[in-house]
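Chemist: This is protein.pdb (PDB, C-alpha atoms and all ligand atoms).
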```pdb
ATOM      1  CA  MET L  45      -7.201  -2.196  -8.305  1.00  0.00           C
ATOM      2  CA  ILE L  46      -4.178  -0.644  -9.893  1.00  0.00           C
ATOM      3  CA  GLN L  47      -1.269  -2.577 -11.273  1.00  0.00           C
ATOM      4  CA  LEU L  48       2.092  -1.666  -9.823  1.00  0.00           C
ATOM      5  CA  THR L  49       4.482  -1.604 -12.729  1.00  0.00           C
ATOM      6  CA  THR L  50       7.351   0.794 -12.164  1.00  0.00           C
ATOM      7  CA  ALA L  51       8.262   2.797  -9.074  1.00  0.00           C
ATOM      8  CA  ALA L  52       7.386   5.916 -11.112  1.00  0.00           C
ATOM      9  CA  THR L  53       3.684   4.978 -10.825  1.00  0.00           C
ATOM     10  CA  LEU L  54       3.917   5.751  -7.143  1.00  0.00           C
ATOM     11  CA  THR L  55       6.373   8.668  -7.123  1.00  0.00           C
ATOM     12  CA  ASN L  56       3.807  11.410  -6.414  1.00  0.00           C
ATOM     13  CA  ALA L  57       1.977   9.251  -3.888  1.00  0.00           C
ATOM     14  CA  ILE L  58       5.248   8.403  -2.120  1.00  0.00           C
ATOM     15  CA  ASN L  59       6.135  12.113  -1.896  1.00  0.00           C
ATOM     16  CA  LYS L  60       2.729  12.843  -0.390  1.00  0.00           C
ATOM     17  CA  ALA L  61       3.142   9.942   2.061  1.00  0.00           C
ATOM     18  CA  ARG L  62       6.474  11.411   3.194  1.00  0.00           C
ATOM     19  CA  THR L  63       4.675  14.680   4.036  1.00  0.00           C
ATOM     20  CA  VAL L  64       1.556  13.199   5.635  1.00  0.00           C
ATOM     21  CA  LYS L  65       3.342  10.298   7.377  1.00  0.00           C
ATOM     22  CA  PRO L  66       0.234   8.137   7.822  1.00  0.00           C
ATOM     23  CA  LEU L  67       0.094   5.283  10.311  1.00  0.00           C
ATOM     24  CA  VAL L  68       0.180   1.845   8.674  1.00  0.00           C
ATOM     25  CA  ARG L  69      -1.119  -1.153  10.619  1.00  0.00           C
ATOM     26  CA  VAL L  70      -0.766  -4.706   9.350  1.00  0.00           C
ATOM     27  CA  ASN L  71      -4.050  -6.652   9.429  1.00  0.00           C
ATOM     28  CA  ARG L  72      -2.412  -9.633   7.785  1.00  0.00           C
ATOM     29  CA  PHE L  73       0.175 -10.110   5.061  1.00  0.00           C
ATOM     30  CA  GLY L  74      -1.351  -8.216   2.097  1.00  0.00           C
ATOM     31  CA  SER L  75      -3.941  -6.224   4.063  1.00  0.00           C
ATOM     32  CA  TYR L  76      -3.170  -2.910   5.751  1.00  0.00           C
ATOM     33  CA  THR L  77      -5.076  -0.229   7.604  1.00  0.00           C
ATOM     34  CA  VAL L  78      -3.771   3.260   6.843  1.00  0.00           C
ATOM     35  CA  THR L  79      -4.718   6.153   9.131  1.00  0.00           C
ATOM     36  CA  ASN L  80      -4.169   9.848   8.519  1.00  0.00           C
ATOM     37  CA  LYS L  81      -3.198  10.905  12.033  1.00  0.00           C
ATOM     38  CA  ALA L  82      -4.244  14.526  11.417  1.00  0.00           C
ATOM     39  CA  THR L  83      -7.806  13.797  10.233  1.00  0.00           C
ATOM     40  CA  GLY L  84      -8.351  10.334  11.730  1.00  0.00           C
ATOM     41  CA  ALA L  85      -9.458   9.060   8.305  1.00  0.00           C
ATOM     42  CA  THR L  86      -8.811   5.337   7.969  1.00  0.00           C
ATOM     43  CA  TYR L  87      -8.662   3.271   4.786  1.00  0.00           C
ATOM     44  CA  THR L  88      -7.890  -0.325   3.956  1.00  0.00           C
ATOM     45  CA  VAL L  89      -5.279  -1.220   1.362  1.00  0.00           C
ATOM     46  CA  GLU L  90      -5.033  -4.693  -0.124  1.00  0.00           C
ATOM     47  CA  CYS L  91      -1.925  -5.881  -1.955  1.00  0.00           C
ATOM     48  CA  ALA L  92      -1.941  -8.985  -4.110  1.00  0.00           C
ATOM     49  CA  LYS L  93       0.277 -10.771  -6.586  1.00  0.00           C
ATOM     50  CA  ARG L  94      -1.388 -12.465  -9.565  1.00  0.00           C
ATOM     51  CA  ASP L  95       0.448 -14.122 -12.446  1.00  0.00           C
ATOM     52  CA  GLY L  96       3.650 -12.478 -11.242  1.00  0.00           C
ATOM     53  CA  LYS L  97       2.069  -9.013 -11.435  1.00  0.00           C
ATOM     54  CA  ARG L  98       1.591  -6.828  -8.370  1.00  0.00           C
ATOM     55  CA  PHE L  99      -1.730  -5.160  -7.692  1.00  0.00           C
ATOM     56  CA  ALA L 100      -2.964  -2.898  -4.934  1.00  0.00           C
ATOM     57  CA  HIS L 101      -6.251  -1.303  -4.008  1.00  0.00           C
ATOM     58  CA  CYS L 102      -7.247   1.393  -1.526  1.00  0.00           C
ATOM     59  CA  THR L 103     -10.771   2.041  -0.221  1.00  0.00           C
ATOM     60  CA  CYS L 104     -10.465   5.870  -0.385  1.00  0.00           C
ATOM     61  CA  LYS L 105     -12.142   7.958  -3.117  1.00  0.00           C
ATOM     62  CA  ALA L 106      -8.967   8.236  -5.202  1.00  0.00           C
ATOM     63  CA  GLY L 107      -8.369   4.510  -4.802  1.00  0.00           C
ATOM     64  CA  GLU L 108     -11.918   3.712  -5.975  1.00  0.00           C
ATOM     65  CA  ARG L 109     -11.122   5.717  -9.122  1.00  0.00           C
ATOM     66  CA  GLY L 110      -8.033   3.583  -9.673  1.00  0.00           C
ATOM     67  CA  GLN L 111      -5.554   6.294  -8.696  1.00  0.00           C
ATOM     68  CA  ALA L 112      -2.369   5.690  -6.741  1.00  0.00           C
ATOM     69  CA  CYS L 113      -3.034   7.495  -3.455  1.00  0.00           C
ATOM     70  CA  TYR L 114      -0.574   7.997  -0.624  1.00  0.00           C
ATOM     71  CA  HIS L 115      -2.365   5.386   1.536  1.00  0.00           C
ATOM     72  CA  LEU L 116      -1.613   2.851  -1.145  1.00  0.00           C
ATOM     73  CA  ALA L 117       2.009   4.003  -1.441  1.00  0.00           C
ATOM     74  CA  SER L 118       2.494   3.741   2.340  1.00  0.00           C
ATOM     75  CA  ALA L 119       0.924   0.294   2.524  1.00  0.00           C
ATOM     76  CA  VAL L 120       2.853  -0.973  -0.505  1.00  0.00           C
ATOM     77  CA  SER L 121       6.094   0.160   1.089  1.00  0.00           C
ATOM     78  CA  ALA L 122       5.196  -1.719   4.323  1.00  0.00           C
ATOM     79  CA  HIS L 123       4.136  -4.725   2.231  1.00  0.00           C
ATOM     80  CA  MET L 124       7.448  -4.812   0.322  1.00  0.00           C
ATOM     81  CA  GLN L 125       9.341  -4.688   3.609  1.00  0.00           C
ATOM     82  CA  LEU L 126       7.277  -7.574   5.017  1.00  0.00           C
ATOM     83  CA  ALA L 127       7.685  -9.556   1.812  1.00  0.00           C
ATOM     84  CA  ALA L 128      11.463  -9.052   1.944  1.00  0.00           C
ATOM     85  CA  GLU L 129      11.521 -10.235   5.572  1.00  0.00           C
ATOM     86  CA  ARG L 130       9.458 -13.298   4.670  1.00  0.00           C
ATOM     87  CA  ALA L 131      11.743 -14.062   1.735  1.00  0.00           C
ATOM     88  CA  THR L 132      14.729 -13.942   4.074  1.00  0.00           C
ATOM     89  CA  LEU L 133      13.051 -16.272   6.570  1.00  0.00           C
ATOM     90  CA  ASN L 134      11.706 -18.777   4.010  1.00  0.00           C
ATOM     91  CA  PHE L 135      15.046 -19.901   2.682  1.00  0.00           C
TER      92      PHE L 135
HETATM   93 ZN    ZN F 201      -6.212   5.796  -0.541  1.00  0.00          ZN
END
```
What is this file in structure tokens?

Modeler:
Amino acid sequence: MIQLTTAATLTNAINKARTVKPLVRVNRFGSYTVTNKATGATYTVECAKRDGKRFAHCTCKAGERGQACYHLASAVSAHMQLAAERATLNF
């Protein structure tokens, strides 16, 4: 689990995600399956909010070491979009 504090935490991972362009599938709100289309490697990213703090975790090797990988960055970006849509709907 890494804590998402500032956008800077994810800058490198976001840049990598822009190059790799992985496929992000929504399992449910907060759980995403990220696939590298070139290698077929698939990882699960979980996003959670606890005590007003945002956390995310990826099942890849970098993620297990607590690093912000591009799978995590891709899933977090999808998660933020979903959360924004939900916030708009739950007025
Ligand atoms: Zn990862």

Chemist: Skip segment 50-66 of chain L itself and residues of its chain fewer than 3 positions away, then list as a PyMOL selection string all residues within 9 Å of it, counting all atoms listed in the file.

Modeler: chain L and resi 78-82+112-118+121

Chemist: Rounded to one decimal, what separation in Å do you get between atom CA of Lys105 of chain L and atom CA of Leu126 of chain L?

Modeler: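 Interatomic distance here is 26.2 Å.
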
Chemist: Edge lengths and centre in Å to one decimal, as JSON, of the axis-aligned box that encloses all listed atoms of segment 47-62 of chain L with 6 Å added on every side?

Modeler:
```
{"center_x": 3.5, "center_y": 5.1, "center_z": -4.8, "size_x": 21.5, "size_y": 27.4, "size_z": 27.9}
```

Chemist: To test your reading of the syntax: which residues would the PyMOL selection byres (((chain L and resi 110) around 12) and not hetatm) return for the file shown? Reply as a list in words.

Modeler: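 What the PyMOL selection byres (((chain L and resi 110) around 12) and not hetatm) grabs from the file is Met45, Ile46, Gln47, Leu48, Thr53, Phe99, Ala100, His101, Cys102, Thr103, Cys104, Lys105, Ala106, Gly107, Glu108, Arg109, Gln111, Ala112, Cys113 and Leu116 of chain L.
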
Chemist: Between atom CA of Ala85 of chain L and atom CA of Lys97 of chain L, what is the spacing in Å?

Modeler: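 Atom CA of Ala85 of chain L lies at a distance of 29.1 Å from atom CA of Lys97 of chain L.
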
Chemist: Identify which of the residues L:Arg98, L:Ala92, L:Ala119, L:Thr83 lies closest to Val68 of chain L, counting only C-alpha atoms when measuring atom-to-atom distances.

Modeler: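 Using only C-alpha atoms, the shortest distance to Val68 of chain L belongs to L:Ala119.
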
Chemist: To one decimal place in Å, what is the distance between atom CA of Tyr76 of chain L and atom CA of Met124 of chain L?

Modeler: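 One can read the atom CA of Tyr76 of chain L to atom CA of Met124 of chain L distance as 12.1 Å.
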
Chemist: Which residue out of L:Gln125, L:Ser75, L:Tyr87, L:Arg69 has the minimum interatomic distance to ligand ZN 201 (chain F) when all atoms listed in the file are used?

Modeler: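 Selected residue with least distance to ligand ZN 201 (chain F): L:Tyr87.
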
Chemist: Calculated over only C-alpha atoms and all ligand atoms, which of the candidates L:Asn71, L:Thr88, L:Thr132, L:Thr49 has the smallest distance to ligand ZN 201 (chain F)?

Modeler: L:Thr88

Chemist: Looking at L:Gly96, L:Thr86, L:Leu67, L:Leu133, which one is nearest to ligand ZN 201 (chain F), with distances taken over all atoms listed in the file?

Modeler: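 Among L:Gly96, L:Thr86, L:Leu67, L:Leu133, it is L:Thr86 that comes nearest to ligand ZN 201 (chain F).
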
Chemist: Kindly indicate which residue among L:Gly84, L:Ala122, L:Thr77, L:Arg94 lies nearest to ligand ZN 201 (chain F), using only C-alpha atoms and all ligand atoms for the distances.

Modeler: L:Thr77

Chemist: Could you pull out every residue with an atom within 6 Å of (1.8, -6.0, -0.1), file coordinates, counting all atoms listed in the file, and send them as a PDB file with C-alpha atoms, keeping the file's coordinate frame?

Modeler:
```pdb
ATOM      1  CA  GLY L  74      -1.351  -8.216   2.097  1.00  0.00           C
ATOM      2  CA  CYS L  91      -1.925  -5.881  -1.955  1.00  0.00           C
ATOM      3  CA  VAL L 120       2.853  -0.973  -0.505  1.00  0.00           C
ATOM      4  CA  HIS L 123       4.136  -4.725   2.231  1.00  0.00           C
ATOM      5  CA  MET L 124       7.448  -4.812   0.322  1.00  0.00           C
TER       6      MET L 124
END
```

Chemist: Under the rule that all atoms listed in the file are counted, which of L:Asp95, L:Phe73, L:Glu90, L:Ala127 is the nearest residue to ligand ZN 201 (chain F)?

Modeler: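 The answer is L:Glu90, which sits nearest to ligand ZN 201 (chain F).
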